[in-house]
>>> print(open('structure.pdb').read())   # PDB, C-alpha atoms and all ligand atoms
MODEL        1
ATOM      1  CA  MET A   8     -83.422  11.861-157.892
ATOM      2  CA  LYS A   9     -86.448  11.692-155.589
ATOM      3  CA  LEU A  10     -86.429   9.556-152.491
ATOM      4  CA  ILE A  11     -89.444   7.253-152.055
ATOM      5  CA  ASP A  12     -90.282   7.597-148.380
ATOM      6  CA  GLY A  13     -91.846   4.273-147.393
ATOM      7  CA  LYS A  14     -91.781   5.191-143.726
ATOM      8  CA  ALA A  15     -93.890   8.316-144.301
ATOM      9  CA  VAL A  16     -96.319   6.549-146.666
ATOM     10  CA  SER A  17     -96.759   3.678-144.225
ATOM     11  CA  GLU A  18     -97.469   6.175-141.410
ATOM     12  CA  GLU A  19    -100.126   7.883-143.570
ATOM     13  CA  LEU A  20    -101.741   4.544-144.390
ATOM     14  CA  LYS A  21    -101.610   3.380-140.758
ATOM     15  CA  ASN A  22    -103.271   6.576-139.587
ATOM     16  CA  SER A  23    -106.003   6.164-142.169
ATOM     17  CA  LEU A  24    -106.456   2.489-141.209
ATOM     18  CA  LYS A  25    -106.708   3.526-137.552
ATOM     19  CA  GLN A  26    -109.787   5.604-138.422
ATOM     20  CA  ASP A  27    -111.284   2.693-140.354
ATOM     21  CA  VAL A  28    -110.698   0.399-137.359
ATOM     22  CA  LEU A  29    -112.623   2.823-135.110
ATOM     23  CA  GLU A  30    -115.574   2.639-137.516
ATOM     24  CA  TYR A  31    -115.279  -1.144-137.668
ATOM     25  CA  LYS A  32    -115.311  -1.336-133.876
ATOM     26  CA  LYS A  33    -118.409   0.860-133.670
ATOM     27  CA  LYS A  34    -120.167  -1.311-136.219
ATOM     28  CA  THR A  35    -119.177  -4.763-134.941
ATOM     29  CA  GLY A  36    -118.191  -4.331-131.278
ATOM     30  CA  ARG A  37    -114.873  -6.076-131.892
ATOM     31  CA  VAL A  38    -111.458  -5.223-133.336
ATOM     32  CA  PRO A  39    -109.468  -7.064-136.031
ATOM     33  CA  HIS A  40    -107.130  -9.680-134.579
ATOM     34  CA  LEU A  41    -103.785 -10.746-136.111
ATOM     35  CA  ALA A  42    -101.653 -13.576-134.724
ATOM     36  CA  ALA A  43     -98.027 -14.449-135.468
ATOM     37  CA  ILE A  44     -96.123 -17.651-134.807
ATOM     38  CA  LEU A  45     -92.432 -17.064-134.131
ATOM     39  CA  VAL A  46     -90.193 -20.135-133.962
ATOM     40  CA  GLY A  47     -86.770 -19.810-132.306
ATOM     41  CA  ASP A  48     -84.813 -16.652-131.617
ATOM     42  CA  ASN A  49     -83.481 -15.456-134.946
ATOM     43  CA  PRO A  50     -82.799 -11.762-134.129
ATOM     44  CA  ALA A  51     -84.044 -10.470-137.506
ATOM     45  CA  SER A  52     -87.288 -12.473-137.249
ATOM     46  CA  LYS A  53     -87.803 -11.249-133.673
ATOM     47  CA  ALA A  54     -87.365  -7.672-134.856
ATOM     48  CA  TYR A  55     -89.776  -8.096-137.796
ATOM     49  CA  VAL A  56     -92.452  -9.714-135.631
ATOM     50  CA  GLY A  57     -91.934  -6.997-132.995
ATOM     51  CA  ASN A  58     -92.592  -4.368-135.708
ATOM     52  CA  LYS A  59     -95.771  -6.181-136.739
ATOM     53  CA  VAL A  60     -97.069  -6.352-133.142
ATOM     54  CA  ARG A  61     -96.318  -2.634-132.580
ATOM     55  CA  ALA A  62     -98.059  -1.741-135.827
ATOM     56  CA  CYS A  63    -101.144  -3.665-134.652
ATOM     57  CA  GLU A  64    -101.200  -1.588-131.463
ATOM     58  CA  HIS A  65    -100.837   1.611-133.505
ATOM     59  CA  VAL A  66    -103.901   0.930-135.672
ATOM     60  CA  GLY A  67    -106.020  -0.569-132.881
ATOM     61  CA  PHE A  68    -105.839  -4.259-133.807
ATOM     62  CA  ARG A  69    -105.573  -6.984-131.240
ATOM     63  CA  SER A  70    -102.439  -9.111-131.701
ATOM     64  CA  THR A  71    -101.344 -12.482-130.367
ATOM     65  CA  LEU A  72     -97.756 -13.678-130.489
ATOM     66  CA  VAL A  73     -97.214 -17.444-130.263
ATOM     67  CA  LYS A  74     -93.548 -18.089-129.405
ATOM     68  CA  LEU A  75     -92.189 -21.588-129.935
ATOM     69  CA  GLU A  76     -88.751 -23.051-129.160
ATOM     70  CA  ASP A  77     -86.561 -23.806-132.175
ATOM     71  CA  THR A  78     -86.693 -27.468-131.130
ATOM     72  CA  VAL A  79     -90.466 -27.551-131.754
ATOM     73  CA  SER A  80     -91.576 -30.603-133.763
ATOM     74  CA  GLN A  81     -93.445 -30.434-137.046
ATOM     75  CA  GLU A  82     -96.505 -31.908-135.288
ATOM     76  CA  GLN A  83     -96.459 -29.332-132.494
ATOM     77  CA  LEU A  84     -96.210 -26.525-135.032
ATOM     78  CA  MET A  85     -99.060 -28.023-137.055
ATOM     79  CA  ASP A  86    -101.161 -28.172-133.851
ATOM     80  CA  GLU A  87    -100.586 -24.467-133.211
ATOM     81  CA  ILE A  88    -101.620 -23.684-136.798
ATOM     82  CA  LYS A  89    -104.761 -25.791-136.387
ATOM     83  CA  LYS A  90    -105.687 -23.887-133.211
ATOM     84  CA  LEU A  91    -105.373 -20.547-135.004
ATOM     85  CA  ASN A  92    -107.298 -21.867-138.029
ATOM     86  CA  GLU A  93    -110.141 -22.871-135.721
ATOM     87  CA  ASP A  94    -110.127 -19.841-133.409
ATOM     88  CA  PRO A  95    -113.118 -17.717-134.521
ATOM     89  CA  ASP A  96    -111.616 -14.534-133.054
ATOM     90  CA  ILE A  97    -108.454 -14.693-135.220
ATOM     91  CA  ASP A  98    -108.929 -12.896-138.560
ATOM     92  CA  GLY A  99    -105.526 -13.799-139.900
ATOM     93  CA  PHE A 100    -102.138 -15.141-138.893
ATOM     94  CA  ILE A 101     -98.614 -15.593-140.163
ATOM     95  CA  VAL A 102     -95.812 -18.022-139.474
ATOM     96  CA  GLN A 103     -92.629 -15.954-139.555
ATOM     97  CA  LEU A 104     -89.968 -17.309-141.936
ATOM     98  CA  PRO A 105     -87.321 -18.667-142.020
ATOM     99  CA  LEU A 106     -88.113 -21.786-140.011
ATOM    100  CA  PRO A 107     -85.556 -24.179-138.462
ATOM    101  CA  LYS A 108     -84.094 -26.716-140.929
ATOM    102  CA  HIS A 109     -86.012 -29.704-139.516
ATOM    103  CA  ILE A 110     -89.387 -28.076-140.272
ATOM    104  CA  ILE A 111     -90.922 -28.755-143.689
ATOM    105  CA  GLU A 112     -91.917 -25.270-144.781
ATOM    106  CA  ASN A 113     -94.273 -26.360-147.586
ATOM    107  CA  GLN A 114     -96.335 -28.374-145.125
ATOM    108  CA  VAL A 115     -96.635 -25.320-142.901
ATOM    109  CA  THR A 116     -97.755 -23.079-145.778
ATOM    110  CA  LEU A 117    -100.336 -25.648-146.889
ATOM    111  CA  ALA A 118    -101.704 -26.051-143.337
ATOM    112  CA  ILE A 119    -102.767 -22.413-143.015
ATOM    113  CA  ASP A 120    -106.428 -21.828-143.867
ATOM    114  CA  PRO A 121    -106.328 -19.694-147.079
ATOM    115  CA  LYS A 122    -109.075 -17.510-145.554
ATOM    116  CA  LYS A 123    -106.657 -16.568-142.737
ATOM    117  CA  ASP A 124    -103.468 -16.548-144.826
ATOM    118  CA  VAL A 125    -102.800 -12.812-144.587
ATOM    119  CA  ASP A 126     -99.211 -13.378-145.839
ATOM    120  CA  GLY A 127    -100.717 -14.621-149.108
ATOM    121  CA  PHE A 128     -98.289 -17.566-149.219
ATOM    122  CA  HIS A 129    -100.813 -20.423-149.602
ATOM    123  CA  PRO A 130    -101.026 -21.768-153.185
ATOM    124  CA  VAL A 131    -104.766 -20.982-153.169
ATOM    125  CA  ASN A 132    -104.031 -17.289-152.619
ATOM    126  CA  PHE A 133    -101.057 -17.401-154.987
ATOM    127  CA  GLY A 134    -103.215 -19.003-157.703
ATOM    128  CA  ARG A 135    -106.054 -16.546-157.166
ATOM    129  CA  MET A 136    -103.567 -13.669-157.373
ATOM    130  CA  ALA A 137    -102.062 -15.053-160.590
ATOM    131  CA  GLN A 138    -105.532 -15.284-162.166
ATOM    132  CA  GLY A 139    -106.571 -11.794-161.047
ATOM    133  CA  MET A 140    -109.165 -13.110-158.596
ATOM    134  CA  PRO A 141    -109.660 -11.562-155.141
ATOM    135  CA  ALA A 142    -106.745 -12.814-152.991
ATOM    136  CA  PHE A 143    -104.545 -11.888-150.081
ATOM    137  CA  LEU A 144    -101.489 -10.444-151.845
ATOM    138  CA  PRO A 145     -98.101 -11.221-150.309
ATOM    139  CA  ALA A 146     -97.319  -8.261-148.070
ATOM    140  CA  THR A 147     -94.096  -7.052-149.698
ATOM    141  CA  PRO A 148     -95.387  -7.039-153.301
ATOM    142  CA  TYR A 149     -98.584  -5.403-151.990
ATOM    143  CA  GLY A 150     -96.467  -2.731-150.271
ATOM    144  CA  ILE A 151     -94.499  -2.094-153.486
ATOM    145  CA  LEU A 152     -97.744  -1.599-155.465
ATOM    146  CA  LEU A 153     -98.954   0.874-152.832
ATOM    147  CA  LEU A 154     -95.678   2.838-153.047
ATOM    148  CA  LEU A 155     -95.771   3.028-156.859
ATOM    149  CA  LYS A 156     -99.373   4.234-156.654
ATOM    150  CA  ARG A 157     -98.626   6.832-153.968
ATOM    151  CA  TYR A 158     -95.813   8.323-156.088
ATOM    152  CA  ASN A 159     -97.908   8.173-159.312
ATOM    153  CA  ILE A 160     -95.294   5.971-160.962
ATOM    154  CA  GLU A 161     -96.878   4.618-164.142
ATOM    155  CA  THR A 162     -96.323   0.928-164.823
ATOM    156  CA  ALA A 163     -98.425   0.486-168.009
ATOM    157  CA  GLY A 164     -96.178  -0.219-170.977
ATOM    158  CA  LYS A 165     -93.012   0.124-168.896
ATOM    159  CA  HIS A 166     -90.251  -2.460-168.862
ATOM    160  CA  VAL A 167     -89.864  -3.714-165.306
ATOM    161  CA  VAL A 168     -86.821  -5.828-164.483
ATOM    162  CA  VAL A 169     -87.241  -7.849-161.289
ATOM    163  CA  VAL A 170     -84.001  -9.300-159.929
ATOM    164  CA  GLY A 171     -84.660 -12.359-157.749
ATOM    165  CA  ARG A 172     -87.329 -15.056-158.098
ATOM    166  CA  SER A 173     -88.356 -15.880-154.522
ATOM    167  CA  ASN A 174     -91.852 -17.165-153.809
ATOM    168  CA  ILE A 175     -92.586 -14.239-151.511
ATOM    169  CA  VAL A 176     -91.274 -11.266-153.525
ATOM    170  CA  GLY A 177     -89.718 -11.721-156.986
ATOM    171  CA  THR A 178     -92.180 -14.187-158.486
ATOM    172  CA  PRO A 179     -95.417 -12.599-157.190
ATOM    173  CA  ILE A 180     -94.404  -8.993-157.992
ATOM    174  CA  SER A 181     -93.546 -10.102-161.567
ATOM    175  CA  ILE A 182     -97.005 -11.607-161.925
ATOM    176  CA  LEU A 183     -98.799  -8.611-160.399
ATOM    177  CA  LEU A 184     -96.982  -6.050-162.550
ATOM    178  CA  SER A 185     -97.586  -7.959-165.762
ATOM    179  CA  ARG A 186    -101.308  -8.497-165.175
ATOM    180  CA  LYS A 187    -103.955  -6.574-167.089
ATOM    181  CA  SER A 188    -104.839  -4.133-164.327
ATOM    182  CA  ARG A 189    -104.411  -0.548-163.226
ATOM    183  CA  SER A 190    -101.390  -1.437-161.102
ATOM    184  CA  GLY A 191     -99.908  -3.698-163.797
ATOM    185  CA  ASP A 192     -99.789  -3.687-167.599
ATOM    186  CA  ALA A 193     -95.986  -3.670-167.525
ATOM    187  CA  THR A 194     -93.630  -5.797-169.603
ATOM    188  CA  VAL A 195     -91.750  -7.794-166.999
ATOM    189  CA  THR A 196     -88.398  -9.548-167.117
ATOM    190  CA  LEU A 197     -87.696 -11.814-164.152
ATOM    191  CA  ALA A 198     -83.920 -12.049-163.803
ATOM    192  CA  HIS A 199     -82.107 -14.307-161.324
ATOM    193  CA  SER A 200     -78.803 -15.884-160.378
ATOM    194  CA  ARG A 201     -78.658 -17.930-163.616
ATOM    195  CA  THR A 202     -79.505 -15.012-165.926
ATOM    196  CA  ARG A 203     -76.851 -14.499-168.591
ATOM    197  CA  ASP A 204     -75.444 -10.967-168.929
ATOM    198  CA  LEU A 205     -77.530  -9.697-166.043
ATOM    199  CA  PRO A 206     -76.095  -6.127-166.038
ATOM    200  CA  ASN A 207     -77.215  -5.672-169.634
ATOM    201  CA  ILE A 208     -80.730  -6.942-168.837
ATOM    202  CA  VAL A 209     -81.090  -4.752-165.732
ATOM    203  CA  ARG A 210     -79.921  -1.739-167.771
ATOM    204  CA  GLN A 211     -83.027  -2.101-169.935
ATOM    205  CA  GLY A 212     -85.370  -1.603-166.978
ATOM    206  CA  ASP A 213     -87.509   1.527-166.704
ATOM    207  CA  ILE A 214     -88.296   0.185-163.239
ATOM    208  CA  VAL A 215     -85.835  -2.108-161.452
ATOM    209  CA  ILE A 216     -86.938  -4.164-158.454
ATOM    210  CA  ALA A 217     -83.994  -5.643-156.552
ATOM    211  CA  ALA A 218     -84.949  -8.663-154.431
ATOM    212  CA  ILE A 219     -81.967 -10.971-154.624
ATOM    213  CA  GLY A 220     -80.684 -10.756-151.053
ATOM    214  CA  ILE A 221     -77.098  -9.722-151.881
ATOM    215  CA  PRO A 222     -75.895  -6.449-150.318
ATOM    216  CA  GLY A 223     -75.077  -3.737-152.868
ATOM    217  CA  PHE A 224     -75.565  -6.092-155.839
ATOM    218  CA  ILE A 225     -77.116  -3.475-158.165
ATOM    219  CA  THR A 226     -74.526  -0.898-159.135
ATOM    220  CA  GLU A 227     -74.576   2.378-161.078
ATOM    221  CA  ASP A 228     -73.502   0.780-164.377
ATOM    222  CA  MET A 229     -76.637  -1.445-164.347
ATOM    223  CA  ILE A 230     -79.143   1.397-164.085
ATOM    224  CA  LYS A 231     -80.495   3.302-167.067
ATOM    225  CA  GLN A 232     -80.552   7.093-166.656
ATOM    226  CA  GLY A 233     -83.928   8.086-165.124
ATOM    227  CA  ALA A 234     -84.976   4.581-164.053
ATOM    228  CA  VAL A 235     -87.064   3.944-160.923
ATOM    229  CA  VAL A 236     -85.209   1.759-158.403
ATOM    230  CA  ILE A 237     -87.091  -0.267-155.782
ATOM    231  CA  ASP A 238     -84.783  -1.955-153.268
ATOM    232  CA  VAL A 239     -86.366  -4.872-151.384
ATOM    233  CA  GLY A 240     -83.123  -6.086-149.762
ATOM    234  CA  ILE A 241     -82.616  -5.940-146.011
ATOM    235  CA  ASN A 242     -79.072  -7.131-145.346
ATOM    236  CA  ARG A 243     -77.116  -6.649-142.139
ATOM    237  CA  VAL A 244     -73.428  -5.929-142.834
ATOM    238  CA  GLU A 245     -70.507  -5.238-140.525
ATOM    239  CA  ASP A 246     -69.787  -1.574-139.901
ATOM    240  CA  GLU A 247     -66.949  -0.774-137.538
ATOM    241  CA  GLY A 248     -67.935   2.897-137.598
ATOM    242  CA  SER A 249     -71.350   2.254-136.019
ATOM    243  CA  LEU A 250     -72.062   1.731-132.321
ATOM    244  CA  SER A 251     -73.684  -1.673-132.861
ATOM    245  CA  GLY A 252     -70.895  -2.811-135.200
ATOM    246  CA  SER A 253     -73.340  -3.381-138.046
ATOM    247  CA  ARG A 254     -75.868  -1.594-140.262
ATOM    248  CA  LEU A 255     -78.658  -2.414-142.683
ATOM    249  CA  VAL A 256     -78.106  -2.111-146.418
ATOM    250  CA  GLY A 257     -80.220  -3.015-149.426
ATOM    251  CA  ASP A 258     -79.508  -4.998-152.583
ATOM    252  CA  VAL A 259     -78.748  -1.693-154.321
ATOM    253  CA  ASP A 260     -75.485   0.201-153.939
ATOM    254  CA  PHE A 261     -77.454   3.305-152.948
ATOM    255  CA  GLU A 262     -74.607   5.828-153.024
ATOM    256  CA  SER A 263     -73.510   4.962-156.572
ATOM    257  CA  VAL A 264     -77.020   4.494-158.006
ATOM    258  CA  LYS A 265     -78.867   7.460-156.514
ATOM    259  CA  GLY A 266     -77.436  10.108-158.872
ATOM    260  CA  GLY A 267     -78.703   8.568-162.109
ATOM    261  CA  CYS A 268     -82.188   7.368-161.229
ATOM    262  CA  SER A 269     -85.488   9.288-161.077
ATOM    263  CA  TYR A 270     -86.787   7.628-157.882
ATOM    264  CA  ILE A 271     -85.162   5.313-155.353
ATOM    265  CA  THR A 272     -86.247   3.611-152.122
ATOM    266  CA  PRO A 273     -83.769   3.856-149.230
ATOM    267  CA  VAL A 274     -82.892   0.992-146.861
ATOM    268  CA  PRO A 275     -84.055   1.233-144.154
ATOM    269  CA  GLY A 276     -87.225   3.319-144.610
ATOM    270  CA  GLY A 277     -88.272   2.255-148.110
ATOM    271  CA  VAL A 278     -90.028  -1.026-148.844
ATOM    272  CA  GLY A 279     -89.596  -2.474-145.306
ATOM    273  CA  PRO A 280     -92.280  -0.379-143.536
ATOM    274  CA  MET A 281     -94.654  -0.992-146.471
ATOM    275  CA  THR A 282     -94.546  -4.732-145.874
ATOM    276  CA  VAL A 283     -96.069  -4.196-142.450
ATOM    277  CA  ILE A 284     -98.922  -2.045-143.779
ATOM    278  CA  GLY A 285     -99.588  -4.671-146.475
ATOM    279  CA  LEU A 286    -100.067  -7.253-143.749
ATOM    280  CA  LEU A 287    -102.349  -4.962-141.713
ATOM    281  CA  LEU A 288    -104.497  -4.159-144.753
ATOM    282  CA  ASN A 289    -104.853  -7.875-145.525
ATOM    283  CA  THR A 290    -105.932  -8.511-141.940
ATOM    284  CA  PHE A 291    -108.507  -5.724-142.156
ATOM    285  CA  LYS A 292    -109.805  -7.186-145.433
ATOM    286  CA  SER A 293    -110.109 -10.545-143.718
ATOM    287  CA  ALA A 294    -112.040  -9.029-140.800
ATOM    288  CA  ASN A 295    -114.400  -7.456-143.357
ATOM    289  CA  LYS A 296    -114.681 -10.725-145.331
ATOM    290  CA  GLU A 297    -113.595  -8.806-148.432
ATOM    291  CA  ILE A 298    -111.618 -11.590-150.138
ATOM    292  CA  TYR A 299    -113.657 -14.659-149.172
ATOM    293  CA  SER A 300    -117.272 -13.704-148.572
TER
HETATM  294  N1  LIG A 401     -89.798 -13.488-143.512
HETATM  295  C1  LIG A 401     -89.374 -12.476-144.318
HETATM  296  N2  LIG A 401     -90.428 -11.830-144.861
HETATM  297  C2  LIG A 401     -91.540 -12.447-144.393
HETATM  298  C3  LIG A 401     -92.932 -12.222-144.591
HETATM  299  O1  LIG A 401     -93.377 -11.339-145.334
HETATM  300  N3  LIG A 401     -93.768 -13.075-143.914
HETATM  301  C4  LIG A 401     -93.304 -14.064-143.126
HETATM  302  N4  LIG A 401     -94.196 -14.861-142.532
HETATM  303  N5  LIG A 401     -92.029 -14.303-142.924
HETATM  304  C5  LIG A 401     -91.142 -13.483-143.557
ENDMDL
END
>>> encode(input="structure.pdb", output="structure tokens", more="lines below")
Ligand code: GUN
Amino acid sequence: MKLIDGKAVSEELKNSLKQDVLEYKKKTGRVPHLAAILVGDNPASKAYVGNKVRACEHVGFRSTLVKLEDTVSQEQLMDEIKKLNEDPDIDGFIVQLPLPKHIIENQVTLAIDPKKDVDGFHPVNFGRMAQGMPAFLPATPYGILLLLKRYNIETAGKHVVVVGRSNIVGTPISILLSRKSRSGDATVTLAHSRTRDLPNIVRQGDIVIAAIGIPGFITEDMIKQGAVVIDVGINRVEDEGSLSGSRLVGDVDFESVKGGCSYITPVPGGVGPMTVIGLLLNTFKSANKEIYS
């Protein structure tokens, strides 16, 4: 078994992006600028946004964090989005999910200018992605493609089983891997909570992508000998043995699965750091008008 080191790959890519940002600054006299809207004080969301802001500093981007109370109204949130849409210095922005229950998430996604939608969540970007047109790819699927490429893991002709059909991971990665392209050409099965005989389906995967949000869901008996296992889950579970009383685990039961697979991503340090670099690369593409010219 080989460990896929997302932390190391993301560091390599950030260092390379840092050089590109220096060139960009020389050429244009400005630096790329990413903004994030954070609503409420969900600890996981705060941590993710904190990672994104730190990563911006690392590569030389400007970042702006817009913090809103969890009592914010839909209208106030829409106003903040409008301001960022109209601010010529902002290359891209994200609204960190999840949002409080009273906020209509679809309205928020639709309000973001597709040209600044560096999360790739707007249906315009999703549709462009699905048709193989230039688009901002959702950051996590983008990060997974970069990891597969970095480790020379062939996808053409392989059977990929994706477990979980979310709008931000499972569905887009299934589309990307099945497309006629260098990073695709796979045969993809998208399995989910209503899939019948799921263990048997997952066992057919040459590459298994676990994005179902249930700690330790994928176990040894579901993994074919030599399969590649990509764990997208980030779940906090109680751990009396640790100082904080909890620890992060993926959707894969790492200890039982690791022996039989060819490659596996750890949690933390696998897909997670790649999501951040996906977002930074999208922002840099936006600054360079690479997707929408
Ligand atoms: N919440 C969990 N993942 C993401 C992400 O990639 N983008 C945003 N905006 N929110 C998230």
>>> residues_near_ligand(input="structure.pdb", ligand="ligand LIG 401 (chain A)", cutoff="10 Å", atoms="only C-alpha atoms and all ligand atoms", output="count of residues only")
32
>>> closest_residue(input="structure.pdb", among="A:Arg69, A:Lys33, A:His199, A:Arg210", to="A:Val236", atoms="all atoms listed in the file")
A:Arg210
>>> atom_distance(input="structure.pdb", atom1="atom CA of A:Met85", atom2="atom CA of A:Asn174")
21.2 Å
>>> closest_residue(input="structure.pdb", among="A:Thr272, A:Gln81, A:Thr71, A:Thr196", to="A:Ser181", atoms="all atoms listed in the file")
A:Thr196
>>> atom_distance(input="structure.pdb", atom1="atom CA of A:Glu82", atom2="atom CA of A:Ala118")
11.2 Å
>>> resolve_selection(input="structure.pdb", expression="the PyMOL selection byres (((chain A and resi 238) around 10) and not hetatm)", output="ChimeraX atom specification")
/A:151,170,215-220,223,225,235-237,239-241,256-261,271-275,277-279
>>> closest_residue(input="structure.pdb", among="A:Leu20, A:Ile11, A:Ile97, A:Cys268", to="A:His40", atoms="all atoms listed in the file")
A:Ile97
>>> closest_residue(input="structure.pdb", among="A:Ser293, A:Ser17, A:Asn22, A:Asn49", to="A:Leu154", atoms="only C-alpha atoms")
A:Ser17
>>> resolve_selection(input="structure.pdb", expression="the PyMOL selection byres (((chain A and resi 163) around 8) and not hetatm)", output="list in words")
Glu161, Thr162, Gly164, Lys165, Arg189, Ser190, Gly191, Asp192 and Ala193 of chain A
>>> write_last_selection(input="structure.pdb", atoms="C-alpha atoms", output="compact mmCIF listing (two decimals), keeping the file's coordinate frame")
# COMPACT_ATOMS: atom_id res chain seq x y z
CA GLU A 161 -96.88 4.62 -164.14
CA THR A 162 -96.32 0.93 -164.82
CA GLY A 164 -96.18 -0.22 -170.98
CA LYS A 165 -93.01 0.12 -168.90
CA ARG A 189 -104.41 -0.55 -163.23
CA SER A 190 -101.39 -1.44 -161.10
CA GLY A 191 -99.91 -3.70 -163.80
CA ASP A 192 -99.79 -3.69 -167.60
CA ALA A 193 -95.99 -3.67 -167.52
>>> closest_residue(input="structure.pdb", among="A:Arg157, A:Lys123, A:Lys231, A:Arg37", to="A:Lys292", atoms="all atoms listed in the file")
A:Lys123
>>> atom_distance(input="structure.pdb", atom1="atom CA of A:Leu84", atom2="atom CA of A:Ile110")
8.7 Å
>>> closest_residue(input="structure.pdb", among="A:Val16, A:Gly171, A:Asp94, A:Met8", to="A:Lys156", atoms="all atoms listed in the file")
A:Val16
>>> axis_aligned_box(input="structure.pdb", around="stretch 72-77 of chain A", padding_each_side="8 Å", output="lines of an AutoDock Vina configuration file")
center_x = -92.2
center_y = -18.7
center_z = -130.7
size_x = 27.2
size_y = 26.1
size_z = 19.0
>>> resolve_selection(input="structure.pdb", expression="the PyMOL selection byres (((chain A and resi 296) around 12) and not hetatm)", output="list in words")
Pro39, Asp98, Gly99, Lys122, Lys123, Pro141, Ala142, Phe143, Asn289, Thr290, Phe291, Lys292, Ser293, Ala294, Asn295, Glu297, Ile298, Tyr299 and Ser300 of chain A
>>> residues_near_point(input="structure.pdb", point="(-93.3, -9.4, -129.5)", cutoff="12 Å", atoms="all atoms listed in the file", output="list of chain:residue names")
A:Ala42, A:Ala43, A:Ile44, A:Leu45, A:Asp48, A:Pro50, A:Ser52, A:Lys53, A:Ala54, A:Tyr55, A:Val56, A:Gly57, A:Asn58, A:Lys59, A:Val60, A:Arg61, A:Ala62, A:Cys63, A:Glu64, A:Ser70, A:Thr71, A:Leu72, A:Val73, A:Lys74
>>> residues_near_point(input="structure.pdb", point="(-72.4, -5.2, -146.6)", cutoff="8 Å", atoms="only C-alpha atoms", output="list in words")
Pro222, Gly223, Asn242, Arg243, Val244, Glu245, Leu255 and Val256 of chain A
>>> residues_around(input="structure.pdb", residues="A:Val28", least_positions_apart="5", cutoff="8 Å", atoms="only C-alpha atoms", output="MDAnalysis selection string")
chainID A and resid 38:39 66:68
>>> decode(input="structure.pdb", residues="stretch 260-275 of chain A", atoms="N, CA and C atoms", output="PDB file, in the first residue's frame")
ATOM      1  N   ASP A 260     -12.652   3.026   6.783  1.00  0.00           N
ATOM      2  CA  ASP A 260     -12.040   2.445   7.978  1.00  0.00           C
ATOM      3  C   ASP A 260     -10.575   2.155   7.633  1.00  0.00           C
ATOM      4  N   PHE A 261      -9.748   3.193   7.778  1.00  0.00           N
ATOM      5  CA  PHE A 261      -8.374   3.195   7.276  1.00  0.00           C
ATOM      6  C   PHE A 261      -7.585   1.958   7.725  1.00  0.00           C
ATOM      7  N   GLU A 262      -7.654   1.645   9.013  1.00  0.00           N
ATOM      8  CA  GLU A 262      -6.814   0.567   9.542  1.00  0.00           C
ATOM      9  C   GLU A 262      -7.144  -0.777   8.897  1.00  0.00           C
ATOM     10  N   SER A 263      -8.429  -1.038   8.642  1.00  0.00           N
ATOM     11  CA  SER A 263      -8.785  -2.340   8.058  1.00  0.00           C
ATOM     12  C   SER A 263      -8.550  -2.355   6.543  1.00  0.00           C
ATOM     13  N   VAL A 264      -8.690  -1.203   5.897  1.00  0.00           N
ATOM     14  CA  VAL A 264      -8.621  -1.164   4.428  1.00  0.00           C
ATOM     15  C   VAL A 264      -7.188  -1.087   3.914  1.00  0.00           C
ATOM     16  N   LYS A 265      -6.313  -0.438   4.676  1.00  0.00           N
ATOM     17  CA  LYS A 265      -4.994  -0.071   4.132  1.00  0.00           C
ATOM     18  C   LYS A 265      -4.180  -1.264   3.622  1.00  0.00           C
ATOM     19  N   GLY A 266      -4.302  -2.417   4.245  1.00  0.00           N
ATOM     20  CA  GLY A 266      -3.493  -3.576   3.857  1.00  0.00           C
ATOM     21  C   GLY A 266      -3.761  -4.049   2.443  1.00  0.00           C
ATOM     22  N   GLY A 267      -5.002  -3.999   2.001  1.00  0.00           N
ATOM     23  CA  GLY A 267      -5.375  -4.635   0.728  1.00  0.00           C
ATOM     24  C   GLY A 267      -5.382  -3.725  -0.484  1.00  0.00           C
ATOM     25  N   CYS A 268      -5.207  -2.426  -0.281  1.00  0.00           N
ATOM     26  CA  CYS A 268      -5.334  -1.527  -1.439  1.00  0.00           C
ATOM     27  C   CYS A 268      -3.946  -1.155  -1.978  1.00  0.00           C
ATOM     28  N   SER A 269      -3.916  -0.573  -3.197  1.00  0.00           N
ATOM     29  CA  SER A 269      -2.615  -0.182  -3.763  1.00  0.00           C
ATOM     30  C   SER A 269      -2.226   1.218  -3.303  1.00  0.00           C
ATOM     31  N   TYR A 270      -3.237   2.119  -3.260  1.00  0.00           N
ATOM     32  CA  TYR A 270      -3.028   3.499  -2.797  1.00  0.00           C
ATOM     33  C   TYR A 270      -4.183   3.866  -1.894  1.00  0.00           C
ATOM     34  N   ILE A 271      -3.918   4.740  -0.912  1.00  0.00           N
ATOM     35  CA  ILE A 271      -5.006   5.225  -0.057  1.00  0.00           C
ATOM     36  C   ILE A 271      -4.681   6.635   0.423  1.00  0.00           C
ATOM     37  N   THR A 272      -5.711   7.475   0.534  1.00  0.00           N
ATOM     38  CA  THR A 272      -5.506   8.821   1.093  1.00  0.00           C
ATOM     39  C   THR A 272      -5.820   8.779   2.593  1.00  0.00           C
ATOM     40  N   PRO A 273      -4.952   9.341   3.423  1.00  0.00           N
ATOM     41  CA  PRO A 273      -5.243   9.389   4.858  1.00  0.00           C
ATOM     42  C   PRO A 273      -6.201  10.530   5.198  1.00  0.00           C
ATOM     43  N   VAL A 274      -6.795  10.497   6.368  1.00  0.00           N
ATOM     44  CA  VAL A 274      -7.567  11.633   6.894  1.00  0.00           C
ATOM     45  C   VAL A 274      -7.076  11.877   8.313  1.00  0.00           C
ATOM     46  N   PRO A 275      -6.571  13.045   8.645  1.00  0.00           N
ATOM     47  CA  PRO A 275      -6.366  14.193   7.754  1.00  0.00           C
ATOM     48  C   PRO A 275      -5.114  14.010   6.874  1.00  0.00           C
TER      49      PRO A 275
END
